[in-house]
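Undergrad: Got input-v5.cif for you, mmCIF, C-alpha atoms:
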data_work
#
loop_
_atom_site.label_atom_id
_atom_site.label_comp_id
_atom_site.auth_asym_id
_atom_site.auth_seq_id
_atom_site.Cartn_x
_atom_site.Cartn_y
_atom_site.Cartn_z
CA MET A 1 131.78 58.71 173.24
CA GLU A 2 131.27 56.40 170.27
CA ASP A 3 132.46 59.06 167.82
CA LEU A 4 135.82 59.38 169.60
CA LYS A 5 137.76 56.41 168.24
CA PHE A 6 141.44 56.61 167.38
CA GLU A 7 143.84 54.13 165.82
CA SER A 8 146.15 54.46 168.82
CA GLU A 9 146.60 56.38 172.03
CA VAL A 10 149.32 58.41 170.27
CA LYS A 11 146.70 59.72 167.80
CA ALA A 12 144.34 60.42 170.70
CA VAL A 13 147.06 62.44 172.50
CA ASP A 14 147.77 64.45 169.32
CA HIS A 15 144.06 65.22 168.95
CA PHE A 16 143.81 66.19 172.64
CA HIS A 17 146.76 68.59 172.24
CA LYS A 18 145.08 70.30 169.25
CA GLN A 19 141.77 70.50 171.09
CA TYR A 20 143.53 72.09 174.07
CA GLU A 21 145.09 74.78 171.84
CA SER A 22 141.66 75.56 170.35
CA LEU A 23 140.21 75.68 173.86
CA THR A 24 142.79 78.13 175.23
CA ASN A 25 142.42 80.35 172.14
CA GLU A 26 138.66 80.46 172.67
CA ILE A 27 138.98 81.22 176.40
CA GLY A 28 141.63 83.87 175.56
CA LYS A 29 139.01 85.87 173.63
CA VAL A 30 137.37 86.76 176.95
CA ILE A 31 140.01 86.11 179.64
CA ILE A 32 143.06 88.30 179.06
CA GLY A 33 146.22 86.98 180.72
CA GLN A 34 145.84 84.50 183.62
CA ASN A 35 147.24 81.77 181.33
CA ASP A 36 148.67 79.77 184.22
CA VAL A 37 145.36 79.91 186.13
CA VAL A 38 143.42 78.75 183.04
CA GLU A 39 145.88 75.89 182.50
CA LYS A 40 145.64 74.70 186.12
CA VAL A 41 141.83 74.81 186.06
CA LEU A 42 141.79 72.75 182.84
CA ILE A 43 144.31 70.26 184.26
CA SER A 44 141.98 69.85 187.26
CA ILE A 45 139.01 69.16 184.97
CA PHE A 46 140.83 66.61 182.81
CA SER A 47 142.32 64.98 185.93
CA LYS A 48 138.90 64.59 187.62
CA GLY A 49 140.00 66.94 190.39
CA HIS A 50 138.68 70.11 192.02
CA CYS A 51 140.33 73.50 192.28
CA LEU A 52 140.57 76.21 194.96
CA LEU A 53 141.21 79.75 193.68
CA VAL A 54 142.63 82.25 196.14
CA GLY A 55 142.61 85.89 195.09
CA VAL A 56 141.27 89.34 195.89
CA PRO A 57 137.86 90.39 194.48
CA GLY A 58 137.61 91.76 190.94
CA LEU A 59 140.07 89.42 189.20
CA ALA A 60 137.39 87.85 186.93
CA LYS A 61 137.22 84.50 188.73
CA THR A 62 133.49 84.11 188.02
CA LEU A 63 133.93 85.17 184.39
CA LEU A 64 136.79 82.68 184.05
CA VAL A 65 134.67 79.73 185.20
CA ASN A 66 131.68 80.80 183.12
CA THR A 67 133.87 81.15 180.01
CA ILE A 68 135.46 77.72 180.53
CA ALA A 69 132.00 76.18 180.99
CA GLN A 70 130.83 77.73 177.69
CA ALA A 71 133.93 76.60 175.78
CA LEU A 72 133.54 73.06 177.16
CA GLY A 73 129.80 72.92 176.53
CA LEU A 74 129.05 72.27 180.22
CA SER A 75 126.24 73.45 182.49
CA PHE A 76 127.41 76.10 184.97
CA SER A 77 126.10 76.98 188.42
CA ARG A 78 127.30 79.72 190.77
CA ILE A 79 126.65 79.45 194.51
CA GLN A 80 127.37 82.51 196.67
CA PHE A 81 128.36 81.17 200.07
CA THR A 82 127.04 83.22 202.99
CA PRO A 83 126.85 82.62 206.78
CA ASP A 84 123.14 81.73 206.61
CA LEU A 85 123.44 79.24 203.70
CA MET A 86 122.02 75.80 204.55
CA PRO A 87 123.03 72.40 203.05
CA SER A 88 119.55 72.11 201.48
CA ASP A 89 120.18 75.43 199.65
CA ILE A 90 122.93 73.79 197.60
CA ILE A 91 121.87 70.12 197.52
CA GLY A 92 118.11 70.56 197.15
CA SER A 93 115.19 69.42 199.29
CA GLU A 94 112.04 67.31 199.30
CA ILE A 95 108.82 69.22 198.58
CA LEU A 96 105.17 68.17 198.48
CA ASP A 97 103.85 68.15 194.92
CA GLU A 98 100.23 68.72 193.87
CA ASN A 99 99.49 65.00 194.37
CA ARG A 100 100.66 65.28 197.97
CA LYS A 101 103.73 63.14 197.27
CA PHE A 102 107.28 64.10 198.20
CA GLN A 103 109.40 65.08 195.22
CA PHE A 104 113.11 65.95 195.31
CA ASN A 105 113.74 69.48 194.07
CA LYS A 106 117.37 69.57 192.83
CA GLY A 107 119.64 72.35 194.06
CA PRO A 108 122.32 74.29 192.15
CA LEU A 109 124.84 71.50 192.85
CA PHE A 110 123.33 69.52 189.97
CA ALA A 111 125.47 71.04 187.21
CA ASN A 112 128.78 70.12 185.56
CA LEU A 113 130.79 73.14 186.73
CA ILE A 114 130.11 74.59 190.17
CA LEU A 115 131.57 77.92 191.30
CA ALA A 116 131.53 77.92 195.11
CA ASP A 117 132.12 81.63 195.67
CA GLU A 118 133.85 82.50 198.97
CA ILE A 119 133.53 78.98 200.40
CA ASN A 120 135.03 80.09 203.73
CA ARG A 121 132.08 82.44 204.41
CA THR A 122 129.67 79.58 205.19
CA PRO A 123 129.54 77.40 208.35
CA PRO A 124 131.23 73.95 208.45
CA LYS A 125 127.87 72.13 208.11
CA THR A 126 127.30 73.59 204.64
CA GLN A 127 130.98 73.30 203.69
CA SER A 128 130.91 69.58 204.54
CA ALA A 129 127.78 69.04 202.39
CA LEU A 130 129.67 70.42 199.38
CA LEU A 131 132.84 68.49 200.18
CA GLU A 132 130.89 65.23 200.53
CA ALA A 133 129.43 65.82 197.06
CA MET A 134 132.94 66.48 195.71
CA GLN A 135 134.22 63.17 197.08
CA GLU A 136 131.23 60.91 196.42
CA LYS A 137 129.90 62.59 193.22
CA ALA A 138 126.46 62.04 194.77
CA VAL A 139 124.24 63.60 197.45
CA THR A 140 121.84 62.05 199.96
CA SER A 141 118.51 63.61 200.93
CA SER A 142 115.84 61.93 203.11
CA GLY A 143 117.57 58.58 202.74
CA HIS A 144 117.70 58.71 198.94
CA THR A 145 120.97 59.01 197.01
CA TYR A 146 121.08 61.17 193.88
CA LYS A 147 124.00 60.95 191.44
CA LEU A 148 125.50 64.25 190.30
CA SER A 149 126.21 65.25 186.71
CA ASP A 150 129.21 63.74 184.96
CA PRO A 151 131.70 65.38 184.50
CA PHE A 152 131.45 67.17 187.85
CA PHE A 153 133.94 69.83 188.88
CA VAL A 154 133.98 72.28 191.80
CA LEU A 155 135.93 75.50 191.65
CA ALA A 156 135.88 77.23 195.04
CA THR A 157 137.15 80.76 195.70
CA GLN A 158 138.55 82.39 198.82
CA ASN A 159 139.33 86.02 199.54
CA PRO A 160 142.72 86.21 201.33
CA ILE A 161 142.12 89.72 202.71
CA GLU A 162 138.90 89.79 204.76
CA GLN A 163 139.09 87.02 207.35
CA GLU A 164 136.56 88.43 209.85
CA GLY A 165 133.45 86.28 210.11
CA THR A 166 134.90 83.43 208.05
CA TYR A 167 135.12 79.69 208.68
CA PRO A 168 138.53 78.59 207.35
CA LEU A 169 138.56 75.14 205.74
CA PRO A 170 140.36 72.56 207.91
CA GLU A 171 143.43 70.86 206.41
CA ALA A 172 141.52 67.57 205.94
CA GLN A 173 138.92 69.38 203.82
CA LEU A 174 141.49 71.41 201.91
CA ASP A 175 143.10 68.09 200.96
CA ARG A 176 140.05 67.30 198.79
CA PHE A 177 141.09 70.02 196.35
CA MET A 178 143.64 68.95 193.75
CA PHE A 179 145.00 72.48 193.24
CA ASN A 180 145.27 75.64 195.29
CA VAL A 181 145.84 78.32 192.66
CA TRP A 182 146.84 81.87 193.53
CA VAL A 183 145.15 84.43 191.23
CA ASP A 184 147.38 87.49 191.04
CA TYR A 185 146.85 90.98 189.62
CA PRO A 186 147.29 91.31 185.85
CA SER A 187 150.38 93.00 184.39
CA PHE A 188 150.11 96.64 183.32
CA GLN A 189 149.59 95.78 179.64
CA GLU A 190 147.08 93.04 180.47
CA GLU A 191 145.09 95.49 182.60
CA VAL A 192 145.13 98.03 179.76
CA ASP A 193 143.76 95.34 177.41
CA VAL A 194 141.11 94.35 179.96
CA VAL A 195 139.94 97.96 180.33
CA LYS A 196 139.84 98.43 176.54
CA SER A 197 137.79 95.28 175.94
CA THR A 198 135.34 95.80 178.82
CA THR A 199 134.59 99.49 178.24
CA SER A 200 134.06 99.43 174.46
CA GLY A 201 130.56 97.94 174.48
CA GLN A 202 131.60 95.03 172.25
CA SER A 203 130.60 91.53 173.33
CA VAL A 204 132.55 88.39 172.42
CA ALA A 205 130.74 85.11 171.81
CA VAL A 206 132.55 82.02 173.13
CA GLN A 207 132.31 79.04 170.79
CA ASN A 208 131.80 75.52 172.10
CA VAL A 209 135.04 73.56 171.54
CA MET A 210 134.36 70.28 173.37
CA THR A 211 131.43 68.23 174.60
CA ALA A 212 130.88 66.52 177.95
CA GLN A 213 131.42 63.14 176.23
CA GLU A 214 134.80 64.27 174.88
CA ILE A 215 135.85 65.48 178.34
CA LEU A 216 134.98 62.06 179.82
CA PHE A 217 137.02 60.41 177.05
CA TYR A 218 140.05 62.65 177.72
CA GLN A 219 139.76 62.04 181.49
CA GLN A 220 140.12 58.31 180.77
CA LEU A 221 142.98 59.01 178.33
CA VAL A 222 144.92 60.89 181.04
CA ARG A 223 144.59 57.87 183.36
CA LYS A 224 145.84 55.45 180.68
CA ILE A 225 149.06 57.32 179.90
CA PRO A 226 152.12 55.31 181.00
CA VAL A 227 154.51 56.74 183.58
CA ALA A 228 158.09 55.57 184.16
CA ASP A 229 158.77 54.13 187.62
CA ASN A 230 161.47 56.72 188.31
CA VAL A 231 158.94 59.54 187.74
CA ILE A 232 156.42 57.96 190.14
CA GLU A 233 159.20 57.45 192.70
CA TYR A 234 160.27 61.08 192.26
CA ALA A 235 156.70 62.29 192.91
CA VAL A 236 156.32 60.09 196.01
CA ARG A 237 159.75 61.16 197.27
CA LEU A 238 158.84 64.83 196.79
CA ALA A 239 155.64 64.44 198.83
CA ALA A 240 157.49 62.42 201.48
CA LYS A 241 160.20 65.11 201.76
CA THR A 242 157.58 67.51 203.19
CA ARG A 243 157.00 65.25 206.21
CA ILE A 244 158.89 65.61 209.45
CA GLY A 245 160.75 62.45 210.36
CA LYS A 246 163.97 60.57 209.91
CA GLY A 247 165.91 61.81 206.90
CA ALA A 248 163.78 64.94 206.41
CA PRO A 249 165.64 67.89 204.79
CA GLU A 250 166.82 70.66 207.13
CA ILE A 251 164.37 73.19 205.68
CA VAL A 252 161.50 70.82 206.53
CA LYS A 253 162.75 70.19 210.07
CA ASN A 254 163.12 73.91 210.66
CA TYR A 255 160.02 75.33 209.01
CA ILE A 256 157.26 72.72 208.54
CA ALA A 257 154.79 71.64 211.24
CA TRP A 258 152.86 69.18 209.07
CA GLY A 259 153.53 67.68 205.64
CA ALA A 260 151.54 66.37 202.68
CA GLY A 261 149.76 63.00 202.74
CA PRO A 262 149.57 60.22 200.11
CA ARG A 263 146.82 62.03 198.18
CA ALA A 264 149.48 64.60 197.23
CA SER A 265 151.58 61.84 195.61
CA GLN A 266 148.57 60.65 193.62
CA TYR A 267 147.76 64.16 192.41
CA LEU A 268 151.42 64.87 191.54
CA VAL A 269 151.43 61.88 189.17
CA ILE A 270 147.99 62.45 187.62
CA GLY A 271 148.69 66.20 187.33
CA ALA A 272 152.06 65.50 185.67
CA LYS A 273 150.33 63.16 183.20
CA CYS A 274 147.81 65.81 182.18
CA HIS A 275 150.47 68.56 182.07
CA ALA A 276 152.52 66.39 179.67
CA LEU A 277 149.53 65.63 177.41
CA LEU A 278 148.59 69.31 177.12
CA ARG A 279 152.08 69.86 175.67
CA GLY A 280 151.77 66.99 173.18
CA LYS A 281 154.06 64.64 175.16
CA TYR A 282 153.17 60.96 175.41
CA SER A 283 154.55 60.38 178.90
CA PRO A 284 155.38 62.73 181.81
CA ASP A 285 158.84 63.37 183.21
CA MET A 286 160.16 64.99 186.39
CA GLU A 287 159.75 68.48 184.92
CA ASP A 288 156.00 67.85 184.60
CA VAL A 289 155.87 66.82 188.28
CA ASN A 290 157.70 70.02 189.26
CA ALA A 291 155.33 72.10 187.09
CA VAL A 292 152.33 71.08 189.19
CA ALA A 293 154.12 70.75 192.55
CA ILE A 294 153.42 74.21 194.02
CA PRO A 295 149.60 74.33 193.52
CA ILE A 296 149.28 70.69 194.65
CA LEU A 297 151.45 70.97 197.78
CA ARG A 298 150.70 74.59 198.73
CA HIS A 299 147.57 73.79 200.82
CA ARG A 300 148.87 70.46 202.14
CA ILE A 301 151.87 71.88 204.01
CA VAL A 302 151.50 73.67 207.34
CA ARG A 303 154.32 76.05 208.27
CA ASN A 304 155.44 76.56 211.87
CA TYR A 305 155.90 79.89 213.64
CA LYS A 306 159.61 79.97 212.85
CA ALA A 307 158.87 79.91 209.10
CA GLU A 308 156.51 82.87 209.45
CA ALA A 309 159.03 84.77 211.58
CA ASP A 310 161.87 84.14 209.09
CA GLY A 311 159.66 85.00 206.10
CA PHE A 312 159.75 81.51 204.57
CA THR A 313 156.69 81.05 202.36
CA VAL A 314 155.27 77.64 201.48
CA GLU A 315 156.16 78.32 197.82
CA LYS A 316 159.79 78.99 198.76
CA ILE A 317 159.96 75.72 200.73
CA ILE A 318 158.42 73.68 197.87
CA THR A 319 160.78 75.27 195.31
CA SER A 320 163.81 74.37 197.41
CA LEU A 321 162.56 70.75 197.67
CA THR A 322 162.12 70.45 193.88
CA GLU A 323 165.61 71.83 193.30
#
Represent the structure of the file as structure tokens.
TA:
Amino acid sequence: MEDLKFESEVKAVDHFHKQYESLTNEIGKVIIGQNDVVEKVLISIFSKGHCLLVGVPGLAKTLLVNTIAQALGLSFSRIQFTPDLMPSDIIGSEILDENRKFQFNKGPLFANLILADEINRTPPKTQSALLEAMQEKAVTSSGHTYKLSDPFFVLATQNPIEQEGTYPLPEAQLDRFMFNVWVDYPSFQEEVDVVKSTTSGQSVAVQNVMTAQEILFYQQLVRKIPVADNVIEYAVRLAAKTRIGKGAPEIVKNYIAWGAGPRASQYLVIGAKCHALLRGKYSPDMEDVNAVAIPILRHRIVRNYKAEADGFTVEKIITSLTE
């Protein structure tokens, strides 16, 4: 990080904004469309958070993560979660070496970017091993603690269609993810472009735009950015509005069974900071909070039966609260 020295934080923000534009251009060579998904994944990385992608199969989720890892110069590991996957399969295990001494054999979790594919297909024991690593940035095996790579980022995917034989993540575990991003189908023109590029036999090389050291520097930069008290109060008030209690809005009283906790307020502020920096702004405002509100609150709010019966989605409830 010694080579990243700027005269002021303003210069550092300007450089970060330029780097982000180069990064999205490079990712755009391979990933057509999905601009909002790419932005949210990058905000998660620069905010030291983790991301949950929900979408049907075949929407290039694996390709997206692999491309981002290449552009950021990070090591990438894909773990396919299955019902018979054990914690040792992802963390690693102790093995006897040729000198008859136990040696820790690192699992696929020891990489910068982890794609946890279909995380809800594996039992809670294995899910909790991954979630512990996400929180502690370290794993424990046979009484020894091993630090994970830095930066460390988990992108987990879920298929919203097939729910037979799955182990849905409890709300407390979902709360560990900064974002819950919905990956939708591409537009007609985007799908035409995808088909053209993937059936022509031409391969595109992704250039490395950043280094791990630069990412760590920018993660610290995001934390240092000042935020006005009224913006922090707005973020906290927005999270508090989702909770049932005295003074709760009518829509919350009618349609929400459980609201977002304090971690949502923290992520709303840090997410707003990063969202502002990516646009070349030096401090976030309420619009930046609103821009990250849906993916941050979506998995932290539990609707009641009345909301489902009346067709009130979580997104609709959050939008009404931000308005």
Undergrad: Between A:Asn120, A:Asn159, A:Gln213, A:Asn105, single out the one closest to A:Asp89, counting only C-alpha atoms.
TA: A:Asn105
Undergrad: Find the distance between atom CA of A:Ala129 and atom CA of A:Ser75 and write it in Å to one decimal.
TA: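 The value is 20.4 Å.
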Undergrad: Which of these residues is nearest to A:Phe217, using all atoms listed in the file: A:Glu136, A:Asp84, A:Glu9, A:Asp285?
TA: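 Of A:Glu136, A:Asp84, A:Glu9, A:Asp285, the one nearest A:Phe217 is A:Glu9, counting all atoms listed in the file.
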Undergrad: Identify, on the basis of all atoms listed in the file, every residue whose closest approach to stretch 31-39 of chain A does not exceed 12 Å; exclude the query and any residue fewer than 6 positions from it along the same chain; express the result as a PyMOL selection string.
TA: chain A and resi 20-21+23-25+45-47+51-55+59-69+71+155+179-198+204+206+271+274-276+278-279+291-292+295
Undergrad: Using all atoms listed in the file, which residue out of A:Val236, A:Val314, A:Leu221, A:Ala264 lies closest to A:His15?
TA: A:Leu221
Undergrad: Taking all atoms of stretch 171-179 of chain A that the file lists, what box with edges along x, y and z, padded by 4 Å per side, do you get, with centre and edge lengths in Å to one decimal, as lines of an AutoDock Vina configuration file?
TA:
center_x = 142.0
center_y = 69.9
center_z = 199.8
size_x = 14.1
size_y = 13.2
size_z = 21.2
Undergrad: Mind pulling up the distance from atom CA of A:Ile79 to atom CA of A:Gly92?
TA: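 Atom CA of A:Gly92 sits 12.6 Å away from atom CA of A:Ile79.
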Undergrad: Would you translate the PyMOL selection byres ((chain A and resi 137) around 9) into the concrete set of residues it matches in this file, as a PyMOL selection string?
TA: chain A and resi 132-136+138-139+146-150+152
Undergrad: Write out as a PyMOL selection string each polymer residue whose atoms come within 6 Å of stretch 238-244 of chain A, counting all atoms listed in the file; drop sequence neighbours fewer than 2 positions from it.
TA: chain A and resi 235-236+248+259-260+265
Undergrad: From the set A:Phe153, A:Arg176, A:Asp288, A:Gln202, which residue has the shortest atom-to-atom contact distance to A:Pro262, counting all atoms listed in the file?
TA: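 Checking each of A:Phe153, A:Arg176, A:Asp288, A:Gln202 against A:Pro262, counting all atoms listed in the file, the winner is A:Arg176.
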